[in-house]
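Structure, as structure tokens:
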Amino acid sequence: MKKTIAVFFGGRSTEHDISIITALSSVIKPLELTKKYIVVPVYITKDGQWFSDEKLKDIRLFRGQAIDDFCAKAKPVAVVFDGGMILRKSGLRNKDIRVDIAFPAMHGPYGEDGSLMGLLRMAGIPFVGSDMPASVIAMDKVLAKQVAQANDIPTSKFVFFSKAEFDGSRDVIIKKVISNLTFPQFVKPAHLGSSIGITKVNNTDELSNAIEVATYYDDKIIVEEAVENLVEVTVPIMGNDSLRPSLVERPLAHGDDFFDFDTKYMNGGKKSGGSKQTGAQGYSELPAKLPDSLYQASLDIAQKVYRVVGCEGISRVDLLIDTKSETVYFNEINPLPGSLYAHNWRASGVSSIELVSRLVELAEERFARNKKIETTFSSNFLGQF
Amino acid sequence: MKYYWTRFLPSYAQTIIYMLQESDYKPKQYVAWLNRSNDFRSITKRRQLDFTHKAKLLLTVVWLMLVTIYLAGVALFVESIIMGNVMVAGLAVLLFAGSPLLTAYIVIVPLYIGYVIIQAPRQRQMVASARQILAEHPALKIAIAGSYGKTTAKEILATILGEDKQIAFTPGNMNTSIGISSFAQTLKGDEEILVFELGEEQVGDVRELCNLIQPDVGIITGINEAHLSSFGTLERTVATIFELEDYLGTKPVYKNKESPLVVSKLKADDKLTFDRTGTDGWRVSNTKTSIHGMTFDITKNGKTMSAHTGLLGKHNIGVIVASVAIADSVGLTTEQIAVAINKTVPFEHRMQPRRLHGAWVIDDTYNGNSEGVQAGLLLLKDLEAKRRIYVTPGLVEQGDKTRQVHEKIGRQIAVVADVVVLMQNSVTDYITNGLREAGFGGRLLIIDDPLEFYSNLGHFVAAGDVVLMQNDWTDNYA
């Protein structure tokens, strides 16, 4: 009998729309093509309602107003924990869908940050990708860098603070940043991906404005010192215990520019005039043209980060390379890369179907492994009362 | 009977016209398809009805017939109630229930009447006029016959001779007397070479076309089991294709030595045979294959040329070298010939490579015979690849050899491919038997929905893969 895989996407995140693309193009379609599973889409609206319907597999529904009309008419599903997870569509006769495996295809808060993983842990079903603790660490740029530093992995210099701290004593924060870091700097919301809310700043005024922008998106802000002689690369990795890195990829941007949201997604991944590898983050050099030593160092550091953060299933590690000093710095880690970085996997010889199939296998392997761990302890403690 | 109700769907009329159109309005093929069809919802898969005048007219006729029979059924039923006659009521129900069947078969009648009254006289007139045009045309006429490879040979010949000569050739698969006659009407009269493809379905076809064309040179590309059901025996197929040589007598006919059935008919002293090593004194050497084509040297009596063709598949070298011999005989220089060979590129759906996500996909879906399968597998073996993926639904029209042919294909695939993708149909089990017999240890995928597979091929491949897609089953073979 075919297993039922629920693919979760959308969500209460600024990366809601990217998640739809990831789910529909890189997860649902290849999973269906395996012919091994019943694939159930679970779409989470921007205000947190859950819907499940075959129609949600069609990208056309998400263009324009059609999705709003759909959500207005359709009934949201309820989640029932009944020795697993059941999606219940209420009606004259309830329709229950028992979920055997979950495939989160969500980016950013309330999805990639461990929230959904917590729910799936409670349900006690296997799910694709990193577990809750690793997701929490990975989705907090500050926490991830602190974990890396504690494991002797170089990171660029950074300062962090909360929105409340900034609102309360703006001057103190600005002073703290400029006394610790030199310009240029990057201001980032600590929990967002896809380059949303990120600004490159060259002076105090820009810094102040950029922090204000970032606080609009997040309550924790990180300011990083820019790495000199920079080459930015990224390494997708999959695996639980034994890791398989894909190719080191170099996203390309021009001059002082950096890879912003529009470049990554809205322009089909291309800066004007670009003609290199295309994909979700298409304008890139794949594999990155690096000296062998730096290429290997990138693979090594990426895998080390993956392990110390505790990632499983799949992740993508972003690195910053100072080509003069030949230092590879850890920048950030994405537990669920946009479109699973399928273009990079394909270039390394893994088709989209093999990628999702392997990720499901990894989820089941971890689930089987964790099942062996004792989570209860018999005692006569209660008998004393 | 389970799906008999699908004959009452509103789409039924259009479906049967589609079946007629896909069968080239040939009653025998249409009726055979009709007889083996159950679920009329799943007939139209790959193409849609092309609303030509003929199709529209027939669709109207079918609707009129259906409505008339329905009304007659209803009228009879009302009559039976008035009369209180159970027999008449039964007849009414029978008429109503049988209406789709009656219509599907009766539609052949207007088709036949139209053919006898309008089409046949017009065609006779057209052929007579074409014979006159061709008899008076001064060009060298080259006729190509064979069960397979005719279109490819025609294209290669046209590309090479066209380097220095005014040339015209029958377009597409226009290879019947009607097709060739329409082609003759388009000629300007100043062509230096005319190339014709000769179709054959029954004994005498090639002779009839030769009488129409009056060729000076012939090429026999190969013979196999194609149209075996209409020929009856392979001997008849061979004899029909060799009607070209019978007609040409002492004039040159180049014959493909790589086809065993052609070889069976060769005389011991026949010099005009060709294969991948050469023809009539022309020798081919140093052949190298890559995804971008083949390079090789051709030599005869001190004339040497280094050639590159974009075509894939070593079987094409034989046809190229035969074309070289003809080009040389009509006065092209070795330089012109080498330049012309360089211009030969893969034809659509015939070993045509394209890039997909870092993989190479070779589209050979127009291939439809076991020789082509062998040529394809040889190519797949020759090409560098991380993973060799072979995709096929199998071959149609193999008659009583279906099982044998497909088991053999399975055994051949097993030693070349890492991944085998089969489109589920009546021959799938035979291919898998062959794979099993040969100890295939790779991955086997059996696909229910070919269109879904082809349109999502990008999800199946990765960089370094070479995918060979061979053969295609149109709806009338499903």
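Residues in the structure tokens are named by chain (A, B, ... in the order shown) and by number from 1 within that chain; ligands are numbered from 1 in the order shown.
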Just need the residues of chain A within 10 Å of chain B, counting only C-alpha atoms, so spit them out as a ChimeraX atom specification. /A:25-26,29-31,33-35,277-279,342-355
Got a sec: who's within 10 Å of Pro184 of chain A, counting only C-alpha atoms, leaving out chain neighbours fewer than 4 positions off, as a list in words? Lys200, Val201, Asn202, Asn203, Leu207, Glu224, Glu225, Ala226, Val227, Glu228 and Asp256 of chain A
Can you tell me which residues surround segment 230-235 of chain B at a distance of at most 12 Å, considering only C-alpha atoms, apart from same-chain residues fewer than 4 positions away, and format the answer as a count of residues only? 26
Contacts of segment 130-136 of chain A at 7 Å (only C-alpha atoms; same-chain gap of 2+ positions) as a PyMOL selection string: chain A and resi 112-114+117-118+128+138-140+309-314+335
All strand (DSSP E) positions in segment 77-272 of chain B, as a compact mmCIF listing (two decimals) with C-alpha atoms, in the first residue's frame:
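Saved result, states04.txt, follows:
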# COMPACT_ATOMS: atom_id res chain seq x y z
CA LEU B 140 18.32 12.69 -62.69
CA LYS B 141 15.68 10.83 -60.70
CA ILE B 142 16.72 8.92 -57.60
CA ALA B 143 14.22 6.58 -55.94
CA ILE B 144 14.61 5.30 -52.39
CA ALA B 145 12.85 2.14 -51.29
CA ILE B 167 17.48 19.56 -56.14
CA ALA B 168 13.91 18.78 -55.14
CA PHE B 169 12.67 15.92 -53.00
CA ILE B 193 18.09 16.09 -59.37
CA LEU B 194 14.82 14.75 -58.01
CA VAL B 195 14.76 12.45 -54.98
CA PHE B 196 11.72 10.29 -54.27
CA GLU B 197 10.77 8.19 -51.30
CA VAL B 217 19.20 5.53 -59.76
CA GLY B 218 17.91 3.54 -56.80
CA ILE B 219 18.75 3.08 -53.14
CA ILE B 220 17.44 0.24 -50.99
CA VAL B 253 20.91 0.51 -57.32
CA TYR B 254 22.78 0.96 -54.01
CA LYS B 255 21.79 -1.64 -51.44
CA ASN B 256 22.31 -1.64 -47.68
What's the 12 Å shell around Met1 of chain A, counting only C-alpha atoms, without same-chain residues fewer than 6 positions away, as a ChimeraX atom specification? /A:35-38,100
Store the residues of this selection in a file with N, CA and C atoms, as an mmCIF file, in the first residue's frame.
data_model
loop_
_atom_site.group_PDB
_atom_site.id
_atom_site.type_symbol
_atom_site.label_atom_id
_atom_site.label_comp_id
_atom_site.auth_asym_id
_atom_site.auth_seq_id
_atom_site.Cartn_x
_atom_site.Cartn_y
_atom_site.Cartn_z
ATOM 1 N N LYS A 35 5.687 7.609 -8.139
ATOM 2 C CA LYS A 35 4.564 6.648 -8.150
ATOM 3 C C LYS A 35 4.541 5.772 -6.900
ATOM 4 N N LYS A 36 5.337 6.176 -5.899
ATOM 5 C CA LYS A 36 5.390 5.343 -4.692
ATOM 6 C C LYS A 36 4.473 5.867 -3.603
ATOM 7 N N TYR A 37 4.093 7.133 -3.711
ATOM 8 C CA TYR A 37 3.374 7.756 -2.598
ATOM 9 C C TYR A 37 2.070 8.407 -3.032
ATOM 10 N N ILE A 38 1.185 8.557 -2.060
ATOM 11 C CA ILE A 38 0.026 9.431 -2.265
ATOM 12 C C ILE A 38 0.477 10.778 -1.703
ATOM 13 N N ASP A 100 1.429 9.573 6.772
ATOM 14 C CA ASP A 100 2.487 8.627 7.159
ATOM 15 C C ASP A 100 3.826 9.334 7.289
#
Residue contacts of Met469 of chain B (7 Å, only C-alpha atoms) excluding same-chain residues fewer than 2 positions away, as an MDAnalysis selection string: chainID B and resid 362:365 390:392 467 471
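Our summary of the geometry notes that atom CA of Thr344 of chain B is positioned 29.3 Å from atom CA of Glu243 of chain B.
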Which residue out of B:Glu348, B:Leu468, B:Met19, B:Ile389 has the minimum interatomic distance to Glu155 of chain B when only C-alpha atoms are used? B:Glu348
Find the distance between atom CA of Ser115 of chain A and atom CA of Lys157 of chain A and write it in Å to one decimal. 28.7 Å
Can you tell me, as an NGL selection string, which residues in segment 164-330 of chain A count as alpha helix (DSSP H) by DSSP? :A and (164-168 or 170-180 or 204-217 or 261 or 292-309)
Between atom CA of Ile125 of chain A and atom CA of Tyr110 of chain A, distance in Å (one decimal): 18.4 Å
Under the rule that only C-alpha atoms are counted, which of A:Ser246, A:Ser339, A:Thr323, A:Ser179 is the nearest residue to Ala302 of chain A? A:Ser246
